[in-house]
$ cat query11.cif   # mmCIF, C-alpha atoms
data_run
#
loop_
_atom_site.label_atom_id
_atom_site.label_comp_id
_atom_site.auth_asym_id
_atom_site.auth_seq_id
_atom_site.Cartn_x
_atom_site.Cartn_y
_atom_site.Cartn_z
CA MET A 1 -13.31 -6.50 20.55
CA ARG A 2 -12.86 -3.56 22.90
CA ARG A 3 -10.68 -4.37 25.90
CA ALA A 4 -11.65 -3.58 29.48
CA VAL A 5 -9.83 -0.84 31.34
CA ALA A 6 -6.85 -2.33 33.16
CA SER A 7 -6.76 -2.84 36.90
CA ALA A 8 -5.03 -0.53 39.34
CA LEU A 9 -1.89 -1.42 41.26
CA ALA A 10 -0.55 -1.15 44.78
CA GLY A 11 1.56 1.72 46.12
CA ILE A 12 1.12 4.96 48.05
CA THR A 13 -2.52 5.96 48.50
CA LEU A 14 -3.21 9.49 47.23
CA ALA A 15 -6.93 10.10 46.80
CA MET A 16 -7.51 13.16 44.59
CA GLY A 17 -10.94 12.92 43.00
CA GLY A 18 -12.13 10.47 40.39
CA CYS A 19 -12.52 9.64 36.71
CA GLY A 20 -16.16 8.98 37.29
CA SER A 21 -15.97 5.79 39.32
CA SER A 22 -16.08 5.44 43.09
CA HIS A 23 -14.70 2.80 45.39
CA ASP A 24 -18.16 1.24 45.38
CA ASP A 25 -17.91 0.78 41.60
CA LEU A 26 -14.62 -1.12 41.76
CA PRO A 27 -14.33 -4.92 41.93
CA GLU A 28 -14.05 -6.58 45.31
CA ARG A 29 -10.31 -6.85 44.92
CA VAL A 30 -8.20 -5.13 42.26
CA ARG A 31 -5.86 -7.51 40.50
CA ILE A 32 -2.29 -6.44 39.81
CA ASP A 33 -0.71 -6.80 36.38
CA ARG A 34 2.73 -8.12 37.18
CA GLU A 35 4.10 -6.84 33.87
CA ALA A 36 2.94 -3.27 34.38
CA PHE A 37 6.36 -1.76 35.07
CA GLY A 38 8.94 -1.20 32.35
CA VAL A 39 11.35 1.44 31.12
CA ASN A 40 12.24 3.23 27.91
CA GLY A 41 15.51 2.02 26.44
CA HIS A 42 16.13 3.72 23.12
CA LEU A 43 19.88 4.13 23.73
CA LEU A 44 20.06 0.54 24.97
CA ARG A 45 18.87 -0.46 21.52
CA ALA A 46 21.70 1.66 20.14
CA LEU A 47 24.22 -0.19 22.34
CA SER A 48 23.02 -3.43 20.83
CA ALA A 49 23.34 -2.07 17.30
CA GLY A 50 26.82 -0.74 18.15
CA GLY A 51 28.10 -4.11 19.29
CA GLU A 52 28.54 -3.10 22.95
CA GLY A 53 27.13 -6.37 24.23
CA ASP A 54 28.85 -6.42 27.61
CA LEU A 55 27.71 -2.92 28.54
CA LEU A 56 24.22 -3.68 27.26
CA ASP A 57 24.05 -6.79 29.42
CA ALA A 58 25.18 -4.83 32.48
CA HIS A 59 22.29 -2.41 31.96
CA LEU A 60 19.75 -5.17 31.35
CA ARG A 61 20.98 -7.01 34.44
CA GLU A 62 20.14 -3.96 36.56
CA ILE A 63 16.71 -3.59 34.95
CA GLU A 64 15.96 -7.26 35.59
CA ALA A 65 17.18 -7.04 39.19
CA GLY A 66 14.92 -4.04 39.73
CA GLY A 67 11.85 -6.14 39.03
CA LEU A 68 10.89 -4.55 35.70
CA SER A 69 9.30 -6.55 32.91
CA PHE A 70 9.73 -4.75 29.59
CA VAL A 71 11.90 -2.33 27.64
CA ARG A 72 10.19 0.04 25.22
CA ALA A 73 12.38 0.83 22.22
CA ASN A 74 12.16 1.57 18.51
CA VAL A 75 12.43 -0.92 15.73
CA ASP A 76 15.54 0.11 13.79
CA TRP A 77 13.72 0.07 10.48
CA GLY A 78 16.74 1.07 8.41
CA GLN A 79 18.76 -1.85 9.78
CA PHE A 80 15.83 -4.27 9.73
CA GLU A 81 14.87 -3.51 6.11
CA PRO A 82 17.80 -1.71 4.49
CA THR A 83 16.59 -2.07 0.88
CA PRO A 84 13.22 -1.56 -0.79
CA PRO A 85 11.00 -4.48 -1.76
CA VAL A 86 11.57 -5.96 -5.20
CA GLY A 87 8.56 -7.10 -7.12
CA GLY A 88 6.51 -6.67 -3.98
CA GLU A 89 8.82 -8.94 -1.98
CA HIS A 90 10.24 -7.46 1.22
CA ARG A 91 13.72 -8.49 2.34
CA PHE A 92 14.56 -8.28 6.04
CA ASP A 93 17.87 -8.49 7.88
CA PHE A 94 17.17 -10.15 11.24
CA SER A 95 20.74 -10.23 12.54
CA GLY A 96 20.87 -6.98 14.50
CA THR A 97 17.37 -7.32 15.90
CA ASP A 98 18.00 -10.97 16.82
CA ALA A 99 20.93 -9.86 18.98
CA TRP A 100 18.74 -7.27 20.72
CA VAL A 101 15.89 -9.68 21.46
CA GLU A 102 18.32 -12.37 22.61
CA ALA A 103 19.98 -9.95 25.05
CA LEU A 104 16.57 -9.05 26.49
CA ALA A 105 15.40 -12.65 26.74
CA ARG A 106 18.53 -13.74 28.59
CA ARG A 107 17.56 -11.19 31.25
CA ARG A 108 13.88 -12.24 31.16
CA LEU A 109 12.75 -8.94 29.67
CA ARG A 110 10.25 -8.36 26.89
CA TRP A 111 10.65 -5.92 24.06
CA GLU A 112 7.81 -3.42 23.68
CA ALA A 113 8.38 -2.53 20.04
CA ILE A 114 7.71 0.93 18.60
CA GLY A 115 7.12 0.93 14.87
CA ILE A 116 8.32 4.34 13.78
CA GLY A 117 10.48 5.74 11.06
CA ALA A 118 13.26 7.04 13.25
CA SER A 119 14.71 7.56 10.83
CA THR A 120 12.40 6.42 8.04
CA PRO A 121 14.60 4.63 5.46
CA ALA A 122 15.38 6.85 2.50
CA TRP A 123 13.78 4.36 0.11
CA ALA A 124 10.47 4.42 2.04
CA VAL A 125 10.12 8.08 3.01
CA ASP A 126 7.42 10.40 1.73
CA GLN A 127 9.32 12.58 -0.73
CA SER A 128 6.92 15.50 -0.40
CA ALA A 129 7.78 15.66 3.30
CA VAL A 130 11.47 15.41 2.50
CA ALA A 131 11.03 18.42 0.22
CA ALA A 132 9.52 20.24 3.20
CA GLY A 133 12.76 19.69 5.12
CA CYS A 134 11.72 16.68 7.20
CA GLY A 135 14.39 14.21 6.15
CA GLY A 136 14.05 10.91 8.02
CA ARG A 137 11.45 12.40 10.36
CA ALA A 138 8.87 12.11 7.58
CA PRO A 139 6.41 9.21 7.54
CA PRO A 140 6.62 6.55 4.84
CA ALA A 141 5.00 7.22 1.51
CA ASP A 142 2.67 4.22 1.84
CA PRO A 143 0.96 2.81 4.96
CA ASP A 144 1.55 -0.72 3.69
CA LEU A 145 5.33 -0.25 3.94
CA LEU A 146 5.16 0.33 7.69
CA ALA A 147 2.58 -2.44 8.05
CA ALA A 148 4.76 -4.97 6.24
CA MET A 149 7.75 -4.13 8.41
CA LEU A 150 5.77 -4.51 11.63
CA ALA A 151 4.24 -7.77 10.40
CA ALA A 152 7.74 -9.11 9.81
CA VAL A 153 8.68 -8.13 13.38
CA ALA A 154 5.61 -9.99 14.65
CA GLU A 155 6.31 -13.09 12.58
CA ARG A 156 9.86 -13.21 13.87
CA TYR A 157 9.53 -12.09 17.52
CA GLY A 158 5.83 -12.39 18.37
CA ALA A 159 4.00 -15.35 19.87
CA GLY A 160 5.06 -18.51 18.05
CA GLY A 161 7.61 -16.48 16.04
CA THR A 162 10.47 -18.01 14.12
CA PHE A 163 13.05 -16.46 16.45
CA TRP A 164 11.75 -18.49 19.39
CA ARG A 165 11.71 -21.69 17.32
CA ASP A 166 15.31 -21.00 16.30
CA HIS A 167 16.36 -20.39 19.93
CA PRO A 168 14.77 -23.02 22.18
CA GLU A 169 17.52 -22.39 24.74
CA LEU A 170 16.08 -18.94 25.55
CA PRO A 171 13.13 -18.10 27.79
CA GLU A 172 10.28 -17.52 25.37
CA LEU A 173 9.20 -13.92 25.92
CA PRO A 174 7.49 -12.80 22.71
CA ILE A 175 6.52 -9.22 22.00
CA ARG A 176 3.04 -8.52 23.32
CA TYR A 177 2.65 -4.83 22.52
CA TYR A 178 3.30 -3.25 19.13
CA GLU A 179 3.16 0.52 19.24
CA VAL A 180 2.38 2.26 15.97
CA TRP A 181 4.46 5.42 15.73
CA ASN A 182 5.46 7.80 18.52
CA GLU A 183 3.77 11.15 19.18
CA PRO A 184 1.93 11.28 15.84
CA ASN A 185 0.33 14.53 17.03
CA HIS A 186 3.77 16.20 17.06
CA GLY A 187 5.37 17.56 13.90
CA ALA A 188 8.79 16.59 15.27
CA PHE A 189 7.79 12.95 14.66
CA TRP A 190 5.09 13.20 12.00
CA CYS A 191 6.72 15.85 9.85
CA PRO A 192 5.93 18.46 8.70
CA VAL A 193 2.41 18.63 10.18
CA PRO A 194 0.39 16.07 12.18
CA ASP A 195 -2.26 14.51 9.94
CA PRO A 196 -4.78 12.42 11.90
CA ALA A 197 -6.67 11.20 8.83
CA ARG A 198 -3.50 9.94 7.19
CA PHE A 199 -2.17 8.50 10.42
CA ALA A 200 -5.46 6.62 10.83
CA SER A 201 -4.73 4.70 7.62
CA PHE A 202 -1.27 3.77 8.93
CA LEU A 203 -2.68 2.62 12.25
CA ALA A 204 -5.41 0.50 10.65
CA ALA A 205 -3.05 -1.10 8.11
CA SER A 206 -0.46 -1.88 10.77
CA SER A 207 -3.07 -3.39 13.09
CA ASP A 208 -4.38 -5.68 10.37
CA ALA A 209 -0.89 -6.79 9.35
CA VAL A 210 0.43 -7.41 12.86
CA ARG A 211 -2.66 -9.28 14.01
CA GLY A 212 -2.49 -11.37 10.86
CA ALA A 213 1.05 -12.40 11.84
CA ASP A 214 0.39 -12.71 15.59
CA PRO A 215 -3.28 -13.00 16.59
CA ARG A 216 -2.33 -12.48 20.23
CA ALA A 217 -0.68 -9.12 19.52
CA ARG A 218 -1.92 -6.00 21.27
CA ILE A 219 -1.82 -2.82 19.20
CA VAL A 220 -0.99 0.51 20.84
CA LEU A 221 -1.78 3.88 19.31
CA GLY A 222 1.64 5.53 19.46
CA GLY A 223 2.20 7.57 22.62
CA LEU A 224 0.51 10.97 22.34
CA ALA A 225 2.30 14.17 23.31
CA PRO A 226 0.29 16.09 25.97
CA PHE A 227 -0.64 19.07 23.83
CA HIS A 228 -3.66 21.03 25.05
CA ALA A 229 -3.66 23.40 22.05
CA THR A 230 -2.95 23.11 18.35
CA GLU A 231 -0.02 25.21 17.16
CA SER A 232 1.39 25.91 13.72
CA ALA A 233 5.05 25.34 12.97
CA GLY A 234 7.43 28.25 13.37
CA PRO A 235 11.18 28.86 13.27
CA GLY A 236 12.68 26.01 15.27
CA VAL A 237 9.23 24.95 16.53
CA ALA A 238 7.40 21.86 15.28
CA ALA A 239 3.68 21.85 14.62
CA LYS A 240 1.44 20.45 17.37
CA ALA A 241 -2.05 18.97 17.37
CA ASP A 242 -4.09 19.04 20.56
CA VAL A 243 -5.05 15.61 21.88
CA PRO A 244 -8.88 15.92 21.88
CA SER A 245 -9.05 17.22 18.30
CA PHE A 246 -6.46 14.73 17.07
CA LEU A 247 -8.29 11.73 18.56
CA GLU A 248 -11.68 12.90 17.32
CA ALA A 249 -10.34 13.38 13.78
CA LEU A 250 -8.66 9.99 13.97
CA ALA A 251 -11.89 8.23 14.96
CA SER A 252 -13.87 10.13 12.32
CA ALA A 253 -11.42 9.18 9.57
CA GLU A 254 -11.35 5.49 10.50
CA PRO A 255 -14.27 4.44 12.74
CA ARG A 256 -13.08 0.83 12.98
CA LEU A 257 -10.04 1.96 14.99
CA THR A 258 -12.10 1.42 18.14
CA GLU A 259 -11.79 -2.30 17.34
CA ALA A 260 -8.34 -2.19 15.73
CA ILE A 261 -6.36 -0.95 18.73
CA ASP A 262 -6.02 -2.30 22.27
CA ALA A 263 -4.46 0.62 24.15
CA ILE A 264 -3.39 4.24 23.76
CA GLY A 265 0.05 5.46 24.78
CA VAL A 266 0.20 8.73 26.71
CA HIS A 267 3.17 10.93 27.58
CA THR A 268 3.37 13.36 30.50
CA TYR A 269 6.09 15.61 31.85
CA GLY A 270 6.36 18.18 34.63
CA ASP A 271 5.31 18.53 38.25
CA PRO A 272 3.43 15.50 39.67
CA SER A 273 0.25 17.51 40.20
CA LEU A 274 0.28 18.53 36.53
CA ILE A 275 0.92 14.93 35.49
CA ALA A 276 -2.03 13.74 37.57
CA ASN A 277 -4.23 16.36 35.90
CA ASP A 278 -2.97 15.34 32.45
CA LEU A 279 -3.82 11.70 33.10
CA ALA A 280 -7.38 12.72 33.94
CA TRP A 281 -7.51 14.94 30.85
CA PHE A 282 -6.17 12.14 28.64
CA ARG A 283 -8.81 9.77 30.03
CA ALA A 284 -11.62 12.22 29.32
CA SER A 285 -10.27 13.02 25.84
CA ILE A 286 -9.96 9.35 24.91
CA ASP A 287 -13.47 8.54 26.09
CA ARG A 288 -15.08 11.54 24.37
CA ALA A 289 -13.42 10.62 21.07
CA GLY A 290 -15.13 7.23 21.06
CA PHE A 291 -12.34 5.09 22.52
CA GLU A 292 -14.07 4.67 25.86
CA GLY A 293 -12.76 1.72 27.84
CA LEU A 294 -9.40 1.47 26.10
CA PRO A 295 -6.56 1.32 28.64
CA MET A 296 -3.75 3.84 28.62
CA ARG A 297 -0.09 2.94 28.67
CA HIS A 298 1.77 5.72 30.47
CA ASN A 299 4.87 5.03 28.45
CA GLU A 300 6.81 8.26 28.87
CA VAL A 301 7.27 10.27 32.05
CA GLY A 302 10.46 11.83 33.37
CA TRP A 303 12.49 14.80 34.50
CA PRO A 304 15.90 16.09 33.31
CA THR A 305 18.57 17.01 35.84
CA LEU A 306 20.32 19.55 33.57
CA GLY A 307 19.55 21.72 30.55
CA GLY A 308 16.42 23.49 29.43
CA THR A 309 14.50 25.97 31.56
CA ASP A 310 13.44 23.84 34.50
CA PRO A 311 15.85 21.03 35.44
CA VAL A 312 15.08 18.97 38.54
CA GLY A 313 17.59 17.84 41.14
CA GLU A 314 18.10 14.13 41.72
CA GLU A 315 16.51 14.16 45.17
CA GLU A 316 13.46 16.03 43.94
CA ARG A 317 12.90 13.86 40.90
CA THR A 318 13.31 10.75 43.06
CA ASP A 319 10.43 12.01 45.20
CA PHE A 320 8.49 12.77 42.01
CA MET A 321 9.02 9.22 40.78
CA ARG A 322 7.78 7.66 44.02
CA GLU A 323 4.65 9.77 43.78
CA ILE A 324 3.91 9.31 40.09
CA ALA A 325 4.66 5.59 39.83
CA SER A 326 1.98 5.07 42.45
CA ARG A 327 -0.46 7.70 41.22
CA SER A 328 -0.32 6.54 37.63
CA VAL A 329 -0.99 2.86 38.00
CA GLN A 330 -2.97 3.03 41.23
CA SER A 331 -5.81 5.09 39.82
CA ASP A 332 -9.24 4.68 38.32
CA CYS A 333 -7.99 6.14 35.02
CA GLY A 334 -7.34 2.84 33.28
CA VAL A 335 -3.53 3.06 33.24
CA GLU A 336 -2.28 -0.47 32.65
CA ALA A 337 1.48 0.16 32.56
CA ILE A 338 4.15 2.79 33.11
CA ALA A 339 7.61 3.26 31.58
CA PRO A 340 9.84 6.19 32.62
CA HIS A 341 11.74 8.15 30.04
CA THR A 342 14.42 6.88 30.03
CA TRP A 343 16.99 4.33 31.26
CA ILE A 344 20.05 6.15 29.91
CA THR A 345 20.80 9.33 28.02
CA GLU A 346 24.11 10.59 26.64
CA GLU A 347 24.94 13.09 29.42
CA ALA A 348 27.34 15.07 27.26
CA ASP A 349 25.91 18.54 26.64
CA PRO A 350 24.90 20.28 29.91
CA ALA A 351 22.68 22.70 27.97
CA ASP A 352 20.61 19.99 26.28
CA ALA A 353 17.88 18.67 28.58
CA GLU A 354 17.27 15.69 26.29
CA GLU A 355 20.64 14.32 27.38
CA TRP A 356 19.76 14.35 31.11
CA PHE A 357 16.58 12.30 31.51
CA GLY A 358 18.49 9.07 32.18
CA ILE A 359 17.79 7.17 35.40
CA ALA A 360 21.05 5.18 35.31
CA ASP A 361 24.69 5.93 34.62
CA PRO A 362 25.27 5.30 30.89
CA ARG A 363 28.90 4.27 31.46
CA THR A 364 28.61 1.98 34.49
CA ALA A 365 24.93 0.90 34.45
CA ASP A 366 24.59 1.90 38.11
CA PRO A 367 20.99 2.95 38.83
CA TYR A 368 20.50 6.49 40.10
CA PRO A 369 18.31 7.09 43.19
CA ILE A 370 15.31 7.77 40.94
CA ALA A 371 15.66 4.28 39.45
CA LEU A 372 15.94 2.68 42.88
CA ALA A 373 12.75 4.47 43.94
CA TYR A 374 11.02 3.19 40.81
CA PHE A 375 12.19 -0.34 41.54
CA ASP A 376 10.72 -0.04 45.05
CA GLU A 377 7.32 0.89 43.62
CA ALA A 378 7.45 -1.94 41.08
CA ASN A 379 8.31 -4.50 43.72
CA ILE A 380 5.55 -3.29 46.08
CA ALA A 381 3.11 -3.96 43.27
CA ARG A 382 4.63 -7.32 42.34
CA ALA A 383 4.47 -8.52 45.94
CA ALA A 384 0.93 -7.37 46.65
CA GLY A 385 -0.97 -9.64 44.28
CA ALA A 386 -4.24 -7.73 44.83
CA ILE A 387 -5.49 -4.76 46.82
CA PRO A 388 -8.92 -3.84 48.20
CA PRO A 389 -10.87 -1.01 46.52
CA GLU A 390 -10.46 1.36 49.46
CA SER A 391 -6.67 1.34 48.84
CA VAL A 392 -6.98 2.55 45.25
CA ALA A 393 -5.51 6.01 44.69
CA VAL A 394 -8.16 7.67 42.54
CA VAL A 395 -6.44 10.50 40.68
CA CYS A 396 -8.66 11.27 37.70
CA GLY A 397 -11.47 13.70 37.39
#

$ encode --input "query11.cif" --output "structure tokens"
Amino acid sequence: MRRAVASALAGITLAMGGCGSSHDDLPERVRIDREAFGVNGHLLRALSAGGEGDLLDAHLREIEAGGLSFVRANVDWGQFEPTPPVGGEHRFDFSGTDAWVEALARRRLRWEAIGIGASTPAWAVDQSAVAAGCGGRAPPADPDLLAAMLAAVAERYGAGGTFWRDHPELPELPIRYYEVWNEPNHGAFWCPVPDPARFASFLAASSDAVRGADPRARIVLGGLAPFHATESAGPGVAAKADVPSFLEALASAEPRLTEAIDAIGVHTYGDPSLIANDLAWFRASIDRAGFEGLPMRHNEVGWPTLGGTDPVGEEERTDFMREIASRSVQSDCGVEAIAPHTWITEEADPADAEEWFGIADPRTADPYPIALAYFDEANIARAAGAIPPESVAVVCG
């Protein structure tokens, strides 16, 4: 059934208008979700796959000490299922993923798993998209291939999963959230062109399969890129689908998605005032498309310190983080969790902004000031327990 919009959290009060509710409409006291703060950790997953266990543990130790609860990272599909099914039987290699989940559990962190072909295994990829130059950025040829992989993840690492039975010495912290794809409205991830009708079939099949393996699983529509306009692909530019049209086409193609998903991931970047506006716009777009009441997971937000056209200094982005961590989860927009992009990046090419979003030193695991500010916000929320309605920062509308 449709889930209620998640509660708001404590932090800095910044009243800016509303999503349609007023303080009088809110419950007597707003309960705080103590697992609402996490972080993206795609390169941490790579450290695990690369056998750098000591460095990985140093990073996870800092994340745990900061009061965070989850790490959002891809399933390494190629490692997890390196060969195609034979006679309809899928064969999975749990070894690398076991090491990743064990490292997280030892630091009392949950894995928020993203089911995405990044890269899609060569045996599974849609060959027509490969012919269009997509390579591993293409979706699988069959929705059931992605669904079977995610179901295997749930059977192994979800509630009551075989991993936890095999490792009674570990704190049992099963996956709760399974995110289906990442930015499916962006041709850089759903190559060559976003296809909401086709993606709807992937989302529905994955939801059915994961819930069949773990009835307590929560299914997240893969984080949407904040595109306000649809654009065709061009030289060096991926195709984009605007959020309202994409969601409406998705719901039209598969009406039962309103019951098949539990949350919608949203991504925002830029100045805090623009981010606040985008959260309101996401809320309105989601509700108009027929997904009214579904919570949002604000699972990518960040600022690069180098590269691109508009890098942000460390002091400025630290201030941005203090503002947004509070605005995002302390709103009437139904944001149930936040995860900055990203814990570490490579920090090698000063011209490539993608390498400078990290909030910790990739070599030493020392948190940067932006991470310490984020920890402060998380711990304010964890300590508060509940806040009165008049303290809610209403940012939508």

$ resolve_selection --input "query11.cif" --expression "the PyMOL selection byres ((chain A and resi 41) around 12)" --output "ChimeraX atom specification"
/A:38-40,42-48,56,59-60,63,70-75,100,104,109-114,299-300,339-345,357-360,362

$ write_last_selection --input "query11.cif" --atoms "C-alpha atoms" --output "PDB file, in the coordinates of the input"
ATOM      1  CA  GLY A  38       8.940  -1.200  32.350  1.00  0.00           C
ATOM      2  CA  VAL A  39      11.350   1.440  31.120  1.00  0.00           C
ATOM      3  CA  ASN A  40      12.240   3.230  27.910  1.00  0.00           C
ATOM      4  CA  HIS A  42      16.130   3.720  23.120  1.00  0.00           C
ATOM      5  CA  LEU A  43      19.880   4.130  23.730  1.00  0.00           C
ATOM      6  CA  LEU A  44      20.060   0.540  24.970  1.00  0.00           C
ATOM      7  CA  ARG A  45      18.870  -0.460  21.520  1.00  0.00           C
ATOM      8  CA  ALA A  46      21.700   1.660  20.140  1.00  0.00           C
ATOM      9  CA  LEU A  47      24.220  -0.190  22.340  1.00  0.00           C
ATOM     10  CA  SER A  48      23.020  -3.430  20.830  1.00  0.00           C
ATOM     11  CA  LEU A  56      24.220  -3.680  27.260  1.00  0.00           C
ATOM     12  CA  HIS A  59      22.290  -2.410  31.960  1.00  0.00           C
ATOM     13  CA  LEU A  60      19.750  -5.170  31.350  1.00  0.00           C
ATOM     14  CA  ILE A  63      16.710  -3.590  34.950  1.00  0.00           C
ATOM     15  CA  PHE A  70       9.730  -4.750  29.590  1.00  0.00           C
ATOM     16  CA  VAL A  71      11.900  -2.330  27.640  1.00  0.00           C
ATOM     17  CA  ARG A  72      10.190   0.040  25.220  1.00  0.00           C
ATOM     18  CA  ALA A  73      12.380   0.830  22.220  1.00  0.00           C
ATOM     19  CA  ASN A  74      12.160   1.570  18.510  1.00  0.00           C
ATOM     20  CA  VAL A  75      12.430  -0.920  15.730  1.00  0.00           C
ATOM     21  CA  TRP A 100      18.740  -7.270  20.720  1.00  0.00           C
ATOM     22  CA  LEU A 104      16.570  -9.050  26.490  1.00  0.00           C
ATOM     23  CA  LEU A 109      12.750  -8.940  29.670  1.00  0.00           C
ATOM     24  CA  ARG A 110      10.250  -8.360  26.890  1.00  0.00           C
ATOM     25  CA  TRP A 111      10.650  -5.920  24.060  1.00  0.00           C
ATOM     26  CA  GLU A 112       7.810  -3.420  23.680  1.00  0.00           C
ATOM     27  CA  ALA A 113       8.380  -2.530  20.040  1.00  0.00           C
ATOM     28  CA  ILE A 114       7.710   0.930  18.600  1.00  0.00           C
ATOM     29  CA  ASN A 299       4.870   5.030  28.450  1.00  0.00           C
ATOM     30  CA  GLU A 300       6.810   8.260  28.870  1.00  0.00           C
ATOM     31  CA  ALA A 339       7.610   3.260  31.580  1.00  0.00           C
ATOM     32  CA  PRO A 340       9.840   6.190  32.620  1.00  0.00           C
ATOM     33  CA  HIS A 341      11.740   8.150  30.040  1.00  0.00           C
ATOM     34  CA  THR A 342      14.420   6.880  30.030  1.00  0.00           C
ATOM     35  CA  TRP A 343      16.990   4.330  31.260  1.00  0.00           C
ATOM     36  CA  ILE A 344      20.050   6.150  29.910  1.00  0.00           C
ATOM     37  CA  THR A 345      20.800   9.330  28.020  1.00  0.00           C
ATOM     38  CA  PHE A 357      16.580  12.300  31.510  1.00  0.00           C
ATOM     39  CA  GLY A 358      18.490   9.070  32.180  1.00  0.00           C
ATOM     40  CA  ILE A 359      17.790   7.170  35.400  1.00  0.00           C
ATOM     41  CA  ALA A 360      21.050   5.180  35.310  1.00  0.00           C
ATOM     42  CA  PRO A 362      25.270   5.300  30.890  1.00  0.00           C
TER      43      PRO A 362
END

$ residues_near_point --input "query11.cif" --point "(-13.4, 11.1, 21.9)" --cutoff "12 Å" --atoms "all atoms listed in the file" --output "PyMOL selection string"
chain A and resi 243-252+255+257-258+281-294

$ closest_residue --input "query11.cif" --among "A:Glu314, A:Ala49, A:Ser232, A:Asp352" --to "A:Pro367" --atoms "all atoms listed in the file"
A:Glu314

$ atom_distance --input "query11.cif" --atom1 "atom CA of A:Trp181" --atom2 "atom CA of A:Thr318"
29.2 Å

$ atom_distance --input "query11.cif" --atom1 "atom CA of A:Ala205" --atom2 "atom CA of A:Pro121"
18.7 Å

$ atom_distance --input "query11.cif" --atom1 "atom CA of A:Asp319" --atom2 "atom CA of A:Leu274"
14.9 Å

$ closest_residue --input "query11.cif" --among "A:Arg322, A:Arg297, A:Arg327, A:Arg156" --to "A:Asp93" --atoms "all atoms listed in the file"
A:Arg156

$ closest_residue --input "query11.cif" --among "A:Gln127, A:Thr162, A:Ser207, A:Thr268" --to "A:Phe94" --atoms "only C-alpha atoms"
A:Thr162

$ axis_aligned_box --input "query11.cif" --around "stretch 349-368 of chain A" --padding-each-side "5 Å" --output "AutoDock Vina command-line options"
--center_x 22.7 --center_y 11.8 --center_z 33.2 --size_x 22.3 --size_y 31.8 --size_z 23.8

$ resolve_selection --input "query11.cif" --expression "the PyMOL selection byres ((chain A and resi 213-216) around 9)" --output "PDB file with C-alpha atoms, in the frame of the given file"
ATOM      1  CA  ALA A 151       4.240  -7.770  10.400  1.00  0.00           C
ATOM      2  CA  ALA A 152       7.740  -9.110   9.810  1.00  0.00           C
ATOM      3  CA  VAL A 153       8.680  -8.130  13.380  1.00  0.00           C
ATOM      4  CA  ALA A 154       5.610  -9.990  14.650  1.00  0.00           C
ATOM      5  CA  GLU A 155       6.310 -13.090  12.580  1.00  0.00           C
ATOM      6  CA  GLY A 158       5.830 -12.390  18.370  1.00  0.00           C
ATOM      7  CA  ALA A 159       4.000 -15.350  19.870  1.00  0.00           C
ATOM      8  CA  GLY A 160       5.060 -18.510  18.050  1.00  0.00           C
ATOM      9  CA  GLY A 161       7.610 -16.480  16.040  1.00  0.00           C
ATOM     10  CA  ARG A 176       3.040  -8.520  23.320  1.00  0.00           C
ATOM     11  CA  ASP A 208      -4.380  -5.680  10.370  1.00  0.00           C
ATOM     12  CA  ALA A 209      -0.890  -6.790   9.350  1.00  0.00           C
ATOM     13  CA  VAL A 210       0.430  -7.410  12.860  1.00  0.00           C
ATOM     14  CA  ARG A 211      -2.660  -9.280  14.010  1.00  0.00           C
ATOM     15  CA  GLY A 212      -2.490 -11.370  10.860  1.00  0.00           C
ATOM     16  CA  ALA A 217      -0.680  -9.120  19.520  1.00  0.00           C
ATOM     17  CA  ARG A 218      -1.920  -6.000  21.270  1.00  0.00           C
TER      18      ARG A 218
END

$ decode --input "query11.cif" --residues "stretch 299-307 of chain A" --atoms "N, CA and C atoms" --output "compact mmCIF listing (two decimals), in the first residue's frame"
# COMPACT_ATOMS: atom_id res chain seq x y z
N ASN A 299 18.92 11.64 -2.32
CA ASN A 299 20.11 10.80 -2.22
C ASN A 299 21.29 11.21 -3.09
N GLU A 300 21.25 12.42 -3.61
CA GLU A 300 22.46 13.04 -4.17
C GLU A 300 22.34 14.55 -4.03
N VAL A 301 23.33 15.15 -3.40
CA VAL A 301 23.46 16.61 -3.33
C VAL A 301 24.92 16.89 -3.02
N GLY A 302 25.51 17.85 -3.71
CA GLY A 302 26.92 18.13 -3.44
C GLY A 302 27.47 19.24 -4.31
N TRP A 303 28.74 19.57 -4.04
CA TRP A 303 29.40 20.68 -4.71
C TRP A 303 30.88 20.32 -4.91
N PRO A 304 31.40 20.50 -6.15
CA PRO A 304 32.82 20.22 -6.40
C PRO A 304 33.68 21.42 -6.01
N THR A 305 34.88 21.14 -5.57
CA THR A 305 35.80 22.22 -5.21
C THR A 305 36.72 22.63 -6.36
N LEU A 306 36.80 21.83 -7.40
CA LEU A 306 37.62 22.14 -8.57
C LEU A 306 36.89 21.67 -9.82
N GLY A 307 37.36 22.14 -10.98
CA GLY A 307 36.84 21.66 -12.26
C GLY A 307 35.53 22.31 -12.64
